[in-house]
Structure formats: structure tokens, C-alpha cells
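start-v9.txt (compact mmCIF, N, CA and C atoms)
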# COMPACT_ATOMS: atom_id res chain seq x y z
N MET A 227 -2.78 245.90 -100.63
CA MET A 227 -1.91 244.77 -100.40
C MET A 227 -0.61 245.28 -99.79
N LYS A 228 -0.23 244.68 -98.67
CA LYS A 228 1.01 245.06 -98.00
C LYS A 228 1.94 243.86 -98.01
N VAL A 229 3.17 244.08 -98.49
CA VAL A 229 4.15 243.00 -98.61
C VAL A 229 5.29 243.24 -97.63
N GLU A 230 5.59 242.20 -96.83
CA GLU A 230 6.71 242.27 -95.88
C GLU A 230 7.63 241.09 -96.15
N ASP A 231 8.86 241.40 -96.51
CA ASP A 231 9.84 240.38 -96.88
C ASP A 231 10.82 240.18 -95.73
N LYS A 232 10.85 238.95 -95.18
CA LYS A 232 11.77 238.63 -94.09
C LYS A 232 12.55 237.38 -94.46
N GLY A 233 13.76 237.57 -94.97
CA GLY A 233 14.62 236.44 -95.28
C GLY A 233 14.03 235.51 -96.31
N HIS A 234 13.72 234.28 -95.87
CA HIS A 234 13.21 233.26 -96.79
C HIS A 234 11.68 233.24 -96.87
N THR A 235 11.03 234.22 -96.23
CA THR A 235 9.56 234.25 -96.19
C THR A 235 9.03 235.63 -96.55
N VAL A 236 7.96 235.64 -97.32
CA VAL A 236 7.27 236.89 -97.64
C VAL A 236 5.84 236.79 -97.09
N THR A 237 5.42 237.83 -96.37
CA THR A 237 4.06 237.90 -95.84
C THR A 237 3.30 238.94 -96.64
N ILE A 238 2.17 238.53 -97.19
CA ILE A 238 1.36 239.43 -98.01
C ILE A 238 0.01 239.57 -97.34
N LYS A 239 -0.33 240.82 -96.97
CA LYS A 239 -1.56 241.08 -96.25
C LYS A 239 -2.59 241.73 -97.17
N ASP A 240 -3.79 241.20 -97.12
CA ASP A 240 -4.91 241.78 -97.86
C ASP A 240 -5.38 243.00 -97.08
N THR A 241 -5.20 244.19 -97.65
CA THR A 241 -5.60 245.42 -96.96
C THR A 241 -6.94 245.95 -97.47
N GLN A 242 -7.48 245.35 -98.52
CA GLN A 242 -8.73 245.83 -99.11
C GLN A 242 -9.96 245.12 -98.57
N GLY A 243 -9.78 243.93 -98.03
CA GLY A 243 -10.93 243.15 -97.58
C GLY A 243 -11.68 242.50 -98.74
N ASP A 244 -11.04 242.41 -99.89
CA ASP A 244 -11.64 241.81 -101.08
C ASP A 244 -10.75 240.64 -101.51
N VAL A 245 -11.12 239.43 -101.08
CA VAL A 245 -10.28 238.25 -101.30
C VAL A 245 -10.14 237.92 -102.78
N VAL A 246 -11.17 238.12 -103.57
CA VAL A 246 -11.10 237.81 -105.00
C VAL A 246 -10.06 238.70 -105.69
N ALA A 247 -10.10 239.99 -105.40
CA ALA A 247 -9.12 240.92 -105.99
C ALA A 247 -7.72 240.62 -105.45
N PHE A 248 -7.63 240.25 -104.18
CA PHE A 248 -6.35 239.92 -103.56
C PHE A 248 -5.73 238.70 -104.24
N LEU A 249 -6.52 237.67 -104.46
CA LEU A 249 -6.03 236.47 -105.13
C LEU A 249 -5.55 236.81 -106.54
N ALA A 250 -6.29 237.62 -107.26
CA ALA A 250 -5.89 238.01 -108.61
C ALA A 250 -4.56 238.76 -108.60
N LYS A 251 -4.39 239.65 -107.63
CA LYS A 251 -3.16 240.43 -107.54
C LYS A 251 -1.96 239.56 -107.16
N VAL A 252 -2.16 238.67 -106.18
CA VAL A 252 -1.08 237.77 -105.77
C VAL A 252 -0.70 236.84 -106.92
N THR A 253 -1.68 236.34 -107.64
CA THR A 253 -1.42 235.46 -108.77
C THR A 253 -0.65 236.20 -109.86
N ALA A 254 -1.05 237.44 -110.13
CA ALA A 254 -0.38 238.24 -111.16
C ALA A 254 1.08 238.52 -110.79
N GLU A 255 1.35 238.68 -109.50
CA GLU A 255 2.70 239.02 -109.04
C GLU A 255 3.45 237.80 -108.50
N TYR A 256 2.93 236.61 -108.75
CA TYR A 256 3.50 235.39 -108.17
C TYR A 256 4.99 235.21 -108.47
N ASN A 257 5.42 235.53 -109.67
CA ASN A 257 6.82 235.33 -110.03
C ASN A 257 7.77 236.11 -109.12
N SER A 258 7.29 237.19 -108.53
CA SER A 258 8.12 237.97 -107.60
C SER A 258 8.35 237.24 -106.29
N TYR A 259 7.45 236.31 -105.94
CA TYR A 259 7.50 235.63 -104.64
C TYR A 259 7.81 234.15 -104.72
N LYS A 260 7.91 233.59 -105.91
CA LYS A 260 7.94 232.13 -106.05
C LYS A 260 9.16 231.47 -105.42
N GLU A 261 10.23 232.20 -105.17
CA GLU A 261 11.43 231.61 -104.58
C GLU A 261 11.40 231.63 -103.05
N LYS A 262 10.34 232.17 -102.47
CA LYS A 262 10.25 232.31 -101.01
C LYS A 262 9.05 231.54 -100.48
N ASN A 263 9.06 231.31 -99.17
CA ASN A 263 7.87 230.80 -98.50
C ASN A 263 6.85 231.94 -98.47
N ILE A 264 5.58 231.60 -98.62
CA ILE A 264 4.55 232.64 -98.70
C ILE A 264 3.53 232.47 -97.57
N ILE A 265 3.25 233.60 -96.90
CA ILE A 265 2.15 233.68 -95.95
C ILE A 265 1.18 234.70 -96.51
N LEU A 266 -0.07 234.29 -96.69
CA LEU A 266 -1.12 235.21 -97.13
C LEU A 266 -2.03 235.48 -95.95
N ASP A 267 -2.09 236.74 -95.55
CA ASP A 267 -2.86 237.15 -94.38
C ASP A 267 -4.23 237.69 -94.81
N LEU A 268 -5.27 236.91 -94.52
CA LEU A 268 -6.64 237.29 -94.89
C LEU A 268 -7.45 237.80 -93.70
N THR A 269 -6.78 238.12 -92.60
CA THR A 269 -7.50 238.46 -91.37
C THR A 269 -8.25 239.79 -91.43
N SER A 270 -7.94 240.64 -92.41
CA SER A 270 -8.66 241.91 -92.51
C SER A 270 -10.05 241.74 -93.13
N ASP A 271 -10.32 240.58 -93.72
CA ASP A 271 -11.62 240.30 -94.32
C ASP A 271 -12.41 239.39 -93.40
N ASN A 272 -13.47 239.90 -92.82
CA ASN A 272 -14.27 239.13 -91.87
C ASN A 272 -15.22 238.13 -92.53
N ASP A 273 -15.31 238.16 -93.85
CA ASP A 273 -16.24 237.27 -94.57
C ASP A 273 -15.55 236.07 -95.19
N VAL A 274 -14.38 235.70 -94.70
CA VAL A 274 -13.67 234.55 -95.25
C VAL A 274 -14.37 233.27 -94.85
N THR A 275 -14.65 232.43 -95.85
CA THR A 275 -15.30 231.15 -95.61
C THR A 275 -14.39 230.04 -96.14
N LEU A 276 -14.80 228.81 -95.92
CA LEU A 276 -14.03 227.69 -96.46
C LEU A 276 -13.96 227.78 -97.98
N ASP A 277 -15.06 228.16 -98.62
CA ASP A 277 -15.06 228.31 -100.08
C ASP A 277 -14.05 229.37 -100.53
N THR A 278 -13.95 230.45 -99.78
CA THR A 278 -12.98 231.50 -100.08
C THR A 278 -11.57 230.94 -100.00
N VAL A 279 -11.30 230.20 -98.93
CA VAL A 279 -9.98 229.60 -98.73
C VAL A 279 -9.65 228.65 -99.88
N LEU A 280 -10.63 227.89 -100.33
CA LEU A 280 -10.41 226.92 -101.39
C LEU A 280 -10.04 227.57 -102.73
N THR A 281 -10.36 228.86 -102.91
CA THR A 281 -9.97 229.53 -104.16
C THR A 281 -8.46 229.66 -104.27
N PHE A 282 -7.75 229.51 -103.14
CA PHE A 282 -6.29 229.59 -103.14
C PHE A 282 -5.63 228.22 -103.34
N LEU A 283 -6.42 227.16 -103.49
CA LEU A 283 -5.88 225.80 -103.57
C LEU A 283 -4.91 225.60 -104.73
N SER A 284 -5.24 226.06 -105.91
CA SER A 284 -4.35 225.82 -107.06
C SER A 284 -3.03 226.57 -106.88
N LEU A 285 -3.07 227.78 -106.35
CA LEU A 285 -1.84 228.53 -106.10
C LEU A 285 -1.02 227.85 -105.01
N SER A 286 -1.69 227.33 -104.00
CA SER A 286 -1.01 226.61 -102.92
C SER A 286 -0.32 225.36 -103.46
N ASP A 287 -1.04 224.58 -104.27
CA ASP A 287 -0.47 223.36 -104.85
C ASP A 287 0.75 223.68 -105.71
N LYS A 288 0.63 224.70 -106.53
CA LYS A 288 1.72 225.10 -107.42
C LYS A 288 2.96 225.48 -106.60
N HIS A 289 2.77 226.23 -105.54
CA HIS A 289 3.89 226.71 -104.74
C HIS A 289 4.52 225.57 -103.93
N ARG A 290 3.70 224.70 -103.38
CA ARG A 290 4.22 223.60 -102.56
C ARG A 290 4.97 222.57 -103.41
N LYS A 291 4.61 222.45 -104.69
CA LYS A 291 5.34 221.54 -105.58
C LYS A 291 6.78 221.99 -105.78
N SER A 292 7.03 223.28 -105.61
CA SER A 292 8.40 223.80 -105.76
C SER A 292 9.16 223.76 -104.44
N LYS A 293 8.65 222.96 -103.50
CA LYS A 293 9.30 222.74 -102.20
C LYS A 293 9.41 224.01 -101.36
N LYS A 294 8.37 224.83 -101.41
CA LYS A 294 8.28 226.03 -100.59
C LYS A 294 6.96 225.99 -99.84
N SER A 295 6.93 226.65 -98.68
CA SER A 295 5.73 226.67 -97.85
C SER A 295 4.74 227.72 -98.33
N PHE A 296 3.46 227.41 -98.17
CA PHE A 296 2.37 228.31 -98.53
C PHE A 296 1.35 228.21 -97.41
N VAL A 297 1.17 229.30 -96.66
CA VAL A 297 0.29 229.28 -95.49
C VAL A 297 -0.70 230.43 -95.58
N LEU A 298 -1.97 230.13 -95.34
CA LEU A 298 -3.01 231.16 -95.26
C LEU A 298 -3.33 231.43 -93.80
N VAL A 299 -3.54 232.69 -93.47
CA VAL A 299 -3.96 233.08 -92.13
C VAL A 299 -5.38 233.61 -92.27
N ALA A 300 -6.32 232.96 -91.57
CA ALA A 300 -7.72 233.35 -91.68
C ALA A 300 -8.41 233.18 -90.33
N ASN A 301 -9.40 234.01 -90.09
CA ASN A 301 -10.20 233.93 -88.86
C ASN A 301 -11.53 233.26 -89.12
N ASP A 302 -12.10 232.73 -88.06
CA ASP A 302 -13.50 232.29 -88.06
C ASP A 302 -13.88 231.29 -89.14
N ILE A 303 -12.99 230.34 -89.42
CA ILE A 303 -13.39 229.23 -90.29
C ILE A 303 -13.19 227.95 -89.51
N ASP A 304 -13.82 226.89 -89.97
CA ASP A 304 -13.66 225.59 -89.33
C ASP A 304 -12.40 224.94 -89.91
N PHE A 305 -11.31 225.00 -89.16
CA PHE A 305 -10.02 224.51 -89.64
C PHE A 305 -10.04 223.00 -89.89
N GLY A 306 -10.96 222.29 -89.26
CA GLY A 306 -11.08 220.85 -89.48
C GLY A 306 -11.59 220.51 -90.86
N GLU A 307 -12.26 221.45 -91.51
CA GLU A 307 -12.81 221.21 -92.85
C GLU A 307 -11.83 221.56 -93.97
N VAL A 308 -10.72 222.18 -93.63
CA VAL A 308 -9.73 222.57 -94.64
C VAL A 308 -9.05 221.30 -95.16
N PRO A 309 -8.93 221.15 -96.48
CA PRO A 309 -8.28 219.95 -97.04
C PRO A 309 -6.82 219.85 -96.57
N ASP A 310 -6.33 218.62 -96.49
CA ASP A 310 -4.97 218.37 -96.02
C ASP A 310 -3.91 219.01 -96.92
N GLU A 311 -4.23 219.27 -98.19
CA GLU A 311 -3.25 219.86 -99.10
C GLU A 311 -2.98 221.32 -98.79
N MET A 312 -3.80 221.93 -97.96
CA MET A 312 -3.63 223.34 -97.63
C MET A 312 -3.27 223.51 -96.17
N VAL A 313 -2.54 224.60 -95.90
CA VAL A 313 -2.21 224.94 -94.52
C VAL A 313 -2.89 226.27 -94.22
N VAL A 314 -3.84 226.24 -93.28
CA VAL A 314 -4.56 227.45 -92.87
C VAL A 314 -4.50 227.51 -91.35
N VAL A 315 -4.07 228.66 -90.83
CA VAL A 315 -3.93 228.85 -89.39
C VAL A 315 -4.60 230.17 -88.99
N PRO A 316 -4.89 230.34 -87.67
CA PRO A 316 -5.58 231.56 -87.24
C PRO A 316 -4.69 232.77 -86.96
N THR A 317 -3.36 232.59 -86.82
CA THR A 317 -2.49 233.73 -86.48
C THR A 317 -1.20 233.72 -87.30
N LEU A 318 -0.60 234.89 -87.41
CA LEU A 318 0.68 235.02 -88.10
C LEU A 318 1.78 234.27 -87.37
N LEU A 319 1.73 234.25 -86.05
CA LEU A 319 2.73 233.52 -85.27
C LEU A 319 2.72 232.03 -85.64
N GLU A 320 1.52 231.46 -85.72
CA GLU A 320 1.39 230.04 -86.10
C GLU A 320 1.87 229.83 -87.53
N ALA A 321 1.60 230.77 -88.42
CA ALA A 321 2.05 230.65 -89.81
C ALA A 321 3.58 230.60 -89.86
N ASN A 322 4.23 231.47 -89.11
CA ASN A 322 5.69 231.47 -89.08
C ASN A 322 6.23 230.19 -88.45
N ASP A 323 5.57 229.69 -87.42
CA ASP A 323 5.97 228.42 -86.80
C ASP A 323 5.88 227.27 -87.79
N ILE A 324 4.80 227.21 -88.56
CA ILE A 324 4.61 226.16 -89.57
C ILE A 324 5.75 226.21 -90.59
N ILE A 325 6.07 227.41 -91.04
CA ILE A 325 7.14 227.55 -92.04
C ILE A 325 8.46 227.09 -91.47
N GLU A 326 8.76 227.44 -90.24
CA GLU A 326 10.02 226.99 -89.62
C GLU A 326 10.06 225.47 -89.52
N MET A 327 8.94 224.85 -89.13
CA MET A 327 8.90 223.38 -89.05
C MET A 327 9.08 222.75 -90.42
N GLU A 328 8.42 223.29 -91.45
CA GLU A 328 8.55 222.75 -92.80
C GLU A 328 9.96 222.95 -93.34
N GLU A 329 10.60 224.05 -93.01
CA GLU A 329 12.00 224.28 -93.42
C GLU A 329 12.90 223.22 -92.80
N ILE A 330 12.70 222.93 -91.52
CA ILE A 330 13.50 221.90 -90.84
C ILE A 330 13.27 220.54 -91.50
N GLU A 331 12.00 220.21 -91.80
CA GLU A 331 11.70 218.92 -92.45
C GLU A 331 12.40 218.84 -93.81
N ARG A 332 12.38 219.92 -94.59
CA ARG A 332 13.05 219.91 -95.90
C ARG A 332 14.56 219.74 -95.73
N ASP A 333 15.13 220.43 -94.73
CA ASP A 333 16.58 220.30 -94.47
C ASP A 333 16.96 218.88 -94.10
N LEU A 334 16.04 218.17 -93.41
CA LEU A 334 16.30 216.80 -93.00
C LEU A 334 15.96 215.79 -94.09
N GLY A 335 15.39 216.27 -95.19
CA GLY A 335 15.09 215.39 -96.32
C GLY A 335 13.73 214.72 -96.28
N PHE A 336 12.81 215.23 -95.49
CA PHE A 336 11.45 214.65 -95.45
C PHE A 336 10.59 215.22 -96.53
Is it possible to express this structure as C-alpha cells?
Amino acid sequence: MKVEDKGHTVTIKDTQGDVVAFLAKVTAEYNSYKEKNIILDLTSDNDVTLDTVLTFLSLSDKHRKSKKSFVLVANDIDFGEVPDEMVVVPTLLEANDIIEMEEIERDLGF
């Protein structure tokens, strides 16, 4: 797991290719990141499926309720099938763009 902290956003990259272990580790260390926007980078695991992405749903819901962004970066999934409660994008650039847009919306009171 590689953690990169940039201002109001923390990017956490799965370096093991084991999404189950990655989720457990991120959940265990969640209190360290809960005050920031979170990007979870799953691009090193080529076996990510919609079901894999859905395992992050409860953590995503919990984080978004605290008015912070939670974005997953994943390759080779059908983004149309991802539930509206989750934000999943194919690149880190798009993840950062989403966070900037959500920050602006929060600043404007949406």
C-alpha cells in the first residue's frame, strides 16, 4: 500500500494486487484518512470486477456522509453498472477532477 498525501486529498494505491487485503488495511487505518478526500487506486489489480468494487460501498457511504469525496480508480469494468452512490473512474486524473468538482459544489452549498 502506497499513500500519497496532497493537501485535502489522500491517494492510496494497492501495490499488492489483493483487493480484499487492501480493503481490510484501508478500513483498519481509516481514522488516519477520514478528514481528507480519499482516492483508492486499484489499477495494479487486473482482476477488479463490479463485485470487487461493491465491497468498498459501505466505506464509500460512510466517508461521503462526512461530506468528503471517495473515489475508486479501476480498469476494465463496466462503469455504467456502478451504483450511483459510488464514484469509480478509469484514471487518477479523472479522480482528482471529480474531487475538485465536488469540493466546489460543497463550497457553493450543494
For Thr241 of chain A: contacts at 12 Å, only C-alpha atoms, fewer than 6 positions along chain excluded, given as a ChimeraX atom specification: /A:227-229,247-248,251,266-272
Write out as a PyMOL selection string all residues of chain A that backbone DSSP assigns to strand (DSSP E or B). chain A and resi 228-232+235-239+263-267+296-299+313-315
I want to know what sits within 8 Å of Lys294 of chain A, based on all atoms listed in the file, with residues of the same chain fewer than 2 positions away left out; could you give that as a PDB file with N, CA and C atoms, keeping the file's coordinate frame?
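part_11.pdb, freshly written:
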ATOM      1  N   LYS A 260       7.910 233.590-105.910  1.00  0.00           N
ATOM      2  CA  LYS A 260       7.940 232.130-106.050  1.00  0.00           C
ATOM      3  C   LYS A 260       9.160 231.470-105.420  1.00  0.00           C
ATOM      4  N   GLU A 261      10.230 232.200-105.170  1.00  0.00           N
ATOM      5  CA  GLU A 261      11.430 231.610-104.580  1.00  0.00           C
ATOM      6  C   GLU A 261      11.400 231.630-103.050  1.00  0.00           C
ATOM      7  N   LYS A 262      10.340 232.170-102.470  1.00  0.00           N
ATOM      8  CA  LYS A 262      10.250 232.310-101.010  1.00  0.00           C
ATOM      9  C   LYS A 262       9.050 231.540-100.480  1.00  0.00           C
ATOM     10  N   ASN A 263       9.060 231.310 -99.170  1.00  0.00           N
ATOM     11  CA  ASN A 263       7.870 230.800 -98.500  1.00  0.00           C
ATOM     12  C   ASN A 263       6.850 231.940 -98.470  1.00  0.00           C
ATOM     13  N   ILE A 264       5.580 231.600 -98.620  1.00  0.00           N
ATOM     14  CA  ILE A 264       4.550 232.640 -98.700  1.00  0.00           C
ATOM     15  C   ILE A 264       3.530 232.470 -97.570  1.00  0.00           C
ATOM     16  N   LYS A 288       0.630 224.700-106.530  1.00  0.00           N
ATOM     17  CA  LYS A 288       1.720 225.100-107.420  1.00  0.00           C
ATOM     18  C   LYS A 288       2.960 225.480-106.600  1.00  0.00           C
ATOM     19  N   HIS A 289       2.770 226.230-105.540  1.00  0.00           N
ATOM     20  CA  HIS A 289       3.890 226.710-104.740  1.00  0.00           C
ATOM     21  C   HIS A 289       4.520 225.570-103.930  1.00  0.00           C
ATOM     22  N   ARG A 290       3.700 224.700-103.380  1.00  0.00           N
ATOM     23  CA  ARG A 290       4.220 223.600-102.560  1.00  0.00           C
ATOM     24  C   ARG A 290       4.970 222.570-103.410  1.00  0.00           C
ATOM     25  N   LYS A 291       4.610 222.450-104.690  1.00  0.00           N
ATOM     26  CA  LYS A 291       5.340 221.540-105.580  1.00  0.00           C
ATOM     27  C   LYS A 291       6.780 221.990-105.780  1.00  0.00           C
ATOM     28  N   SER A 292       7.030 223.280-105.610  1.00  0.00           N
ATOM     29  CA  SER A 292       8.400 223.800-105.760  1.00  0.00           C
ATOM     30  C   SER A 292       9.160 223.760-104.440  1.00  0.00           C
ATOM     31  N   PHE A 296       3.460 227.410 -98.170  1.00  0.00           N
ATOM     32  CA  PHE A 296       2.370 228.310 -98.530  1.00  0.00           C
ATOM     33  C   PHE A 296       1.350 228.210 -97.410  1.00  0.00           C
ATOM     34  N   VAL A 297       1.170 229.300 -96.660  1.00  0.00           N
ATOM     35  CA  VAL A 297       0.290 229.280 -95.490  1.00  0.00           C
ATOM     36  C   VAL A 297      -0.700 230.430 -95.580  1.00  0.00           C
ATOM     37  N   ILE A 325       6.070 227.410 -91.040  1.00  0.00           N
ATOM     38  CA  ILE A 325       7.140 227.550 -92.040  1.00  0.00           C
ATOM     39  C   ILE A 325       8.460 227.090 -91.470  1.00  0.00           C
ATOM     40  N   GLU A 328       8.420 223.290 -91.450  1.00  0.00           N
ATOM     41  CA  GLU A 328       8.550 222.750 -92.800  1.00  0.00           C
ATOM     42  C   GLU A 328       9.960 222.950 -93.340  1.00  0.00           C
ATOM     43  N   GLU A 329      10.600 224.050 -93.010  1.00  0.00           N
ATOM     44  CA  GLU A 329      12.000 224.280 -93.420  1.00  0.00           C
ATOM     45  C   GLU A 329      12.900 223.220 -92.800  1.00  0.00           C
TER      46      GLU A 329
END
Could you pull out all residues of segment 265-298 of chain A with a DSSP call of alpha helix (DSSP H) and give them as an NGL selection string? :A and (276-280 or 283-291)
Would you mind exporting N, CA and C atoms of the selected residues as a compact mmCIF listing (two decimals), in the frame of the given file?
# COMPACT_ATOMS: atom_id res chain seq x y z
N LEU A 276 -14.80 228.81 -95.92
CA LEU A 276 -14.03 227.69 -96.46
C LEU A 276 -13.96 227.78 -97.98
N ASP A 277 -15.06 228.16 -98.62
CA ASP A 277 -15.06 228.31 -100.08
C ASP A 277 -14.05 229.37 -100.53
N THR A 278 -13.95 230.45 -99.78
CA THR A 278 -12.98 231.50 -100.08
C THR A 278 -11.57 230.94 -100.00
N VAL A 279 -11.30 230.20 -98.93
CA VAL A 279 -9.98 229.60 -98.73
C VAL A 279 -9.65 228.65 -99.88
N LEU A 280 -10.63 227.89 -100.33
CA LEU A 280 -10.41 226.92 -101.39
C LEU A 280 -10.04 227.57 -102.73
N LEU A 283 -6.42 227.16 -103.49
CA LEU A 283 -5.88 225.80 -103.57
C LEU A 283 -4.91 225.60 -104.73
N SER A 284 -5.24 226.06 -105.91
CA SER A 284 -4.35 225.82 -107.06
C SER A 284 -3.03 226.57 -106.88
N LEU A 285 -3.07 227.78 -106.35
CA LEU A 285 -1.84 228.53 -106.10
C LEU A 285 -1.02 227.85 -105.01
N SER A 286 -1.69 227.33 -104.00
CA SER A 286 -1.01 226.61 -102.92
C SER A 286 -0.32 225.36 -103.46
N ASP A 287 -1.04 224.58 -104.27
CA ASP A 287 -0.47 223.36 -104.85
C ASP A 287 0.75 223.68 -105.71
N LYS A 288 0.63 224.70 -106.53
CA LYS A 288 1.72 225.10 -107.42
C LYS A 288 2.96 225.48 -106.60
N HIS A 289 2.77 226.23 -105.54
CA HIS A 289 3.89 226.71 -104.74
C HIS A 289 4.52 225.57 -103.93
N ARG A 290 3.70 224.70 -103.38
CA ARG A 290 4.22 223.60 -102.56
C ARG A 290 4.97 222.57 -103.41
N LYS A 291 4.61 222.45 -104.69
CA LYS A 291 5.34 221.54 -105.58
C LYS A 291 6.78 221.99 -105.78
Spatial neighbours of Asp287 of chain A, 12 Å, only C-alpha atoms, chain gap at least 5 places, as number ranges by chain: A: 280-282, 292-297, 309-313
Please indicate the distance in Å from atom CA of Leu318 of chain A to atom CA of Val299 of chain A, rounded to one decimal place. 6.4 Å
How many Å separate atom CA of Val274 of chain A from atom CA of Ala300 of chain A?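 Going from atom CA of Val274 of chain A over to atom CA of Ala300 of chain A, I get 7.0 Å.
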Distance of atom C of Glu331 of chain A from atom N of Leu298 of chain A, expressed in Å to one decimal place: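 Atom C of Glu331 of chain A lies at a distance of 18.3 Å from atom N of Leu298 of chain A.
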